[in-house]
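Notes follow the structure.
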Amino acid sequence: MKPESFSFYVAESTQHALDILAQEGDDSKILAGGQSLIPLMNFRLARPAALVDVCHIPGSERITVDNAGVRFRCSVRHRDALHSNEVNAVAPLVGQALKWVGHEAIRSRGTLCGSTAHADPAAELPAVWLALGAEMVISGPHGERHVPAESFFKSFFTTDLNADEMLTEIRVPPAPDPSLRRTAFQEIARRHGDFAIVGAAVVIDLDGSGRIAAARVSALGAGEVPMRLRSAEAMLVGSPLDDQELLENVEAEVRKSVQPPGDSHASARYRKKVTGTLVRRSLAECAETPSTYEGML
Amino acid sequence: MRGLARYLDDIELPRMLHAAFVRSPMAHARVVQIDVEEVRGMPGVVGVFTHGDLAGVGPIQAIGPRPEIKSSLRAVLADGKVRFVGEAVAVVVAESRYIAEDACELVDVEYEQLRVVANARAALEPGAPILHADLGDNRISRIERSGGDIDHAFAAAAHVVKVSFHHGRVGALPLETRGVIGDWDAGTSTMRVWNSSQMPHLLRALIAAPLGLAETQLEVMVPAVGGAFGLKASVYPEDIVVPAVSRLVGRPVKWVEDRYENLAASSHAKEIDIDMEMAVAEDGTFLGVRAKNLSDPGAYSMPPFQAHHESLGSVNCMTGIYDIAAASYVAETALTNKAPLGVYRGVGWTPGQTVREVLVDDVARAIGRDPVELRLQNCIPDTPYDSVIGPRYDGGSYRRSLELATEMADYRGIRERQIEQRNQGKYVGVGVSPYVEPTGFGGRIGNELGYPGEYYDTASISIQADGSIYVMSGLNSQGQSHETTFAQLAADGIGARIEEVRVVQGDTKSTPFSAGVYASRSALIGAATIGRAAHEMKRRLVALAADMLEANVDDVEITHGKAFVRGAPEVVKTIADIAAYVHWGGGAAAVDLEEGALSVSSSAAPGGSYGNGCVVAVVVVDIETGKIQVEKVVSVEDCGTMLNPMIVEGQVAGAVAQGIGDALLEEHQYNEDGAFMSASLLDYLYPSTMEIPDIAIGHLETPAPGVPGGFKGLGEAGVIATPGAVLNAVADALSPFGVRVHSTPLGPSKVLDLIDEAREAMSGSA
Ligand SMILES: Cc1cc2nc3c(=O)[nH]c(=O)nc-3n(C[C@H](O)[C@H](O)[C@H](O)COP(=O)(O)OP(=O)(O)OC[C@H]3O[C@@H](n4cnc5c(N)ncnc54)[C@H](O)[C@@H]3O)c2cc1C
């Protein structure tokens with residue numbers, strides 16, 4: 001289980017990374033935390049001729065929180081986001097989800113951008129970005145472009161990124177009124193720290209009277225990409241959160257609307273059913289408590 | 001855990017090369033041709049070898065140990081045919097493992113696909129492809145036995161309850177994979193082999209002939225081993241190929257199994273279908289039990305335990321702790337196109353115990369009895385008991401362990417709360433699994449399995465001139481702390497300080513013969529062999545001290561490393577004084593001692609003993625997601641006299657964890673085409689600390705009557721008994737739906753299927 005030989009570059013800036021990608025061509029790849037790429041290389045399922053390590057680009061480890069929201073630069077590690085009080089104050093969903101990602105060792109190497117670029121359909125973060133309406137900042141030979149999370153994930157392990165481009169930043173917009181925002185994340189995995197079998201991320205913005213003004217619900221593991229569950233969202237708007245019958249109807253709607261695959265860990269039928277259950281439970285969780293990050297499991 | 005142990009992969013020899021294997025991607029195929037031309041010229045490649053290049057090497061012979069088991073051969077590299085995905089086809093030797101793996105990709109093997117035998121049932125169907133033509137068919141063993149009047153028992157039964165159970169294919173998964181270094185010393189015609197084995201002497205005996213060497217030309221050394229669990233107690237092709245190619249290239253060659261090889265191509269375990277039925281009288285008395293099983297041992301029989309071990313082991317203790325007057329079994333094994341089955345902790349007994357205990361719970365539900373009361377009603381007495389089907393238990397705490405474990409788990413309290421919790425939507429279940437298991441595989445236990453021959457082990461003790469003490473044992477530790485327990489046995493037996501004792505193990509050249517570490521042998525055999533040697537050493541030290549102290553032998557005492565005349569402890573001779581007296585002083589000449597006064601070898605062949613105990617599991621099942629949370633495990637064990645409570649508890653905890661993995665997570669899967677689906681740890685799921693609850697351990701001690709010190713083994717009990725407890729707990733939690741649990745592993749998807757099926761069955765019958 002040894003990788004094929006490859007050349008290795010350490011990028012000193014985003015431009016430097018882009019230059020190397022351009023020069024090395026299609027067989028080059030960005031190396032972030034290596035927690036997905038290196039195992040693939042060891043299995044020889046990935047055979048990049050060149051790796052460009054982007055984790056030493058000055059400033060790339062920065063998290064910025066201001067009134068434009070949260071910005072995660074390209075080498076922010078899972079654990080840094082998980083333990084950032086600033087992030088947890090304004091976007092607790094990130095921490096709620098990250099505590100499900102792997103284990104301490106993986107979280108201290110793996111990066112948010114790496115996980116996002118890798119686009120495992122059962123990964124937590126892509127669904128989080130959908131639910132938060134995040135935006136991907138992509139740099140390439142022709143400059144920078146901004147892509148909403150929803151059009152970023154294309155299919156299994158495939159995103160809108162071209163081989164000569166790099167994901168330089170993930171931007172999470174601010175909540176209209178943080179005190180009226182409720183978020184929840186739930187998943188089922190075979191073991192703690194495994195990729196999810198299925199999971200759900202929910203962001204609810206209430207109006208002053210306690211009714212749902214806006215709802216964003218996304219599912220992971222329920223298809224070849226993380227997906228927004230728009231029909232469920234539509235059912236929620238205008239209702240109070242603690243309407244039990246509504247939640248059950250939403251659950252049924254989710255089950256109808258997803259067409260997940262089956263594999264050795266769970267059947268398609270299972271995923272369909274449990275996606276509904278987890279959406280209902282996430283909504284119930286939002287109804288019960290204002291969302292805060294309650295620390296590690 | 002300070003990272004200081006030296007494992008096989010830490011060994012670097014001068015001029016050492018690295019081997020990598022070309023492995024079959026096909027489950028069953030003829031090897032038409034192997035083209036290695038492209039590889040030969042590669043920079044860094046020193047040699048590439050196929051079966052044809054290894055003339056006179058191999059095969060591995062699986063012979064005996066009973067006439068019902070067909071003997072078979074296995075070529076060390078594919079001999080014209082591959083029979084499972086991962087089978088070794090060729091080997092490349094190169095300057096680095098990287099180059100060797102690059103080269104493997106360029107070895108061009110042409111295969112002609114053959115029809116695949118996907119499981120043991122298919123293997124027995126008429127017209128099934130035959131894996132080994134010389135065996136005639138795929139049925140490699142069929143063993144029958146019965147005791148008591150089984151027909152009468154079933155005729156007289158008020159109830160007959162039956163299960164058809166599938167125990168999934170699991171693996172031992174040691175943290176350190178296997179590894180071999182071969183170093184041919186042409187000057188002395190000696191083959192030095194480092195191997196991460198749990199049976200250095202037996203390995204030497206079994207690979208000597210395939211390598212064409214006398215045992216005295218073969219030195220097997222085992223460095224620190226990072227877990228084995230039975231996986232390292234078989235003979236594998238690499239054990240022979242790596243030394244053989246070292247001889248061919250004239251340089252040391254190292255091969256360390258990678259995780260893919262470990263998962264795909266070393267050995268799997270425990271896959272078996274078992275049908276079992278119980279005849280029960282009106283009052284709940286168990287009248288008879290009948291079983292028929294079929295194990296799937298994969299493509300080859302692996303010595304020394306061969307292919308039938310799972311099927312025979314699973315019925316060996318089929319009556320468990322119950323007083324049952326009649327029993328019978330048919331135990332079959334049929335070869336398939338999968339990796340061979342090895343002997344993973346709790347061999348055979350895991351599925352056998354699981355099925356019996358699941359069946360007892362099914363009986364309890366069927367006749368409306370509490371499962372613990374029903375067990376107590378049918379429990380054997382704590383005195384020695386001859387079961388009707390072979391095993392002769394030598395006394396234990398069969399009833400008491402069940403009572404204690406259920407008390408510790410608060411069984412009554414759980415039952416009282418259970419209904420109320422269900423009404424609140426919380427499904428809590430409790431399951432019990434009392435066990436009795438053979439430990440310290442010795443002659444008696446072997447004979448009860450129908451194996452001929454005795455088992456014979458030796459240990460030696462020698463005291464150096466400074467008074468420090470060597471214990472030499474062929475029983476090498478893979479993490480079971482022999483360094484502590486064996487030192488303790490020697491120190492106690494001699495009257496020495498434990499700090500002075502150093503245990504030497506894992507070297508066939510310096511340690512005396514041992515059959516190896518498996519089947520919970522070490523405590524019993526260690527105690528018997530080291531205990532005897534220590535006893536003799538003490539006698540000699542006392543005689544020498546008496547001479548030095550000018551006292552009568554009967555008046556001299558020795559404890560904590562000091563000898564003195566009873567009643568006069570102020571004048572002492574330390575063991576160091578005595579050793580110096582012997583080694584330098586010539587003083588020993590004055591005493592009538594055997595030659596080599598401070599070196600003793602003792603042999604022993606204890607027959608073995610039956611350990612027992614009981615595991616209780618408490619689970620919570622989320623009926624919407626099928627997620628099972630194991631809340632609590634209680635394990636009460638009776639391993640006779642406890643050698644060292646801390647080590648006993650470590651053994652219990654590790655084995656319980658593996659038992660939880662067996663019940664809920666672990667499975668090696670193949671599809672119908674024989675493709676291997678569990679090729680990485682993304683797919684083969686072992687339990688992590690997050691899946692293991694707190695384990696409460698209770699100790700009972702019923703000394704083994706026929707064993708010095710009264711020790712019994714216990715290392716396997718947790719893997720044997722925990723799955724039954726967990727499955728029973730899940731079925732108990734889901735009893736409102738009428739769910740019965742008849743397979744492992746039990747993942748969440750399967751749990752929901754079981755609930756749905758049971759609901760459908762209920763509504764169908766309503
Ligand atoms: C045992 C284990 C358990 C895990 N469990 C989980 C889990 O439960 N949930 C989960 O979501 N993940 C899990 N992971 C994966 C982990 O989160 C990874 O860190 C993540 O998927 C990839 O991030 P990385 O920084 O390691 O990226 P890398 O492995 O370095 O790269 C992954 C891919 O993304 C590309 N890439 C990386 N950064 C960029 C960039 N800035 N721009 C463009 N392309 C880029 C790389 O070229 C590569 O193709 C687990 C990993 C392991 C080893």
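Ordering of the structure tokens sets the chain letters (A, B, ...), residue numbers begin anew at 1 in every chain, and ligands are numbered from 1 in the order given.
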Could you tell me, as a PyMOL selection string, which residues of segment 74-270 of chain A DSSP assigns to strand (DSSP E or B) when given the backbone?
-> chain A and resi 77+111+135-140+143-148+153-155+158-159+166-172+181-188+198-206+211-220+227-228+240
For the interface of chain B with ligand 1 (cut-off 12 Å, counting only C-alpha atoms and all ligand atoms), please tabulate each contacting residue of chain B alongside its nearest pair of atoms and their separation in Å to one decimal, rows sorted by chain and increasing number, as JSON lines.
```
{"residue": "B:Ser680", "atom": "CA", "partner": "ligand 1", "partner_atom_place_in_ligand_line": "1 (C)", "distance": 10.9}
{"residue": "B:Leu681", "atom": "CA", "partner": "ligand 1", "partner_atom_place_in_ligand_line": "1 (C)", "distance": 8.4}
{"residue": "B:Leu682", "atom": "CA", "partner": "ligand 1", "partner_atom_place_in_ligand_line": "1 (C)", "distance": 7.8}
{"residue": "B:Asp683", "atom": "CA", "partner": "ligand 1", "partner_atom_place_in_ligand_line": "1 (C)", "distance": 11.4}
{"residue": "B:Leu685", "atom": "CA", "partner": "ligand 1", "partner_atom_place_in_ligand_line": "1 (C)", "distance": 11.1}
{"residue": "B:Ser688", "atom": "CA", "partner": "ligand 1", "partner_atom_place_in_ligand_line": "1 (C)", "distance": 11.4}
```
Pull out every residue of chain A sitting within 6 Å of chain B, counting only C-alpha atoms, and send them as a ChimeraX atom specification.
-> /A:2,266,270,274
Close residues, Ser151 of chain A itself excluded, 12 Å, only C-alpha atoms, min 4 positions apart in chain, as a ChimeraX atom specification = /A:126,129-130,133-136,146-147,155,158-161,225-228
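Distances here use only C-alpha atoms; by that measure, the residue among A:Leu132, A:Val54, A:Leu283, A:Val76 closest to Ala91 of chain A is A:Leu132.
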Spatial neighbours of Glu233 of chain A, 9 Å, only C-alpha atoms, chain gap at least 3 places, as a PDB file with C-alpha atoms, in the first residue's frame:
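Saved file part-v2.pdb follows:
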```
ATOM      1  CA  ALA A 214     -37.299  30.839   6.268  1.00  0.00           C
ATOM      2  CA  ALA A 215     -36.180  27.239   6.341  1.00  0.00           C
ATOM      3  CA  ARG A 216     -33.202  25.533   4.765  1.00  0.00           C
ATOM      4  CA  VAL A 217     -33.032  21.782   5.081  1.00  0.00           C
ATOM      5  CA  ARG A 228     -31.600  20.791  -0.372  1.00  0.00           C
ATOM      6  CA  LEU A 229     -35.024  19.384   0.470  1.00  0.00           C
ATOM      7  CA  ARG A 230     -37.066  22.187  -0.996  1.00  0.00           C
ATOM      8  CA  LEU A 236     -42.434  24.717   6.964  1.00  0.00           C
ATOM      9  CA  VAL A 237     -42.611  28.383   6.077  1.00  0.00           C
ATOM     10  CA  VAL A 250     -42.494  16.940   6.610  1.00  0.00           C
TER      11      VAL A 250
END
```
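With only C-alpha atoms as the atoms that count, the residue of B:Gly531, B:Pro703, B:Pro434, B:Gly446 with the shortest distance to Ala617 of chain B is B:Pro434.
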Alpha helix (DSSP H) residues, from DSSP on the backbone, in segment 497-715 of chain B, as a PyMOL selection string | chain B and resi 522-549+575-583+645-664
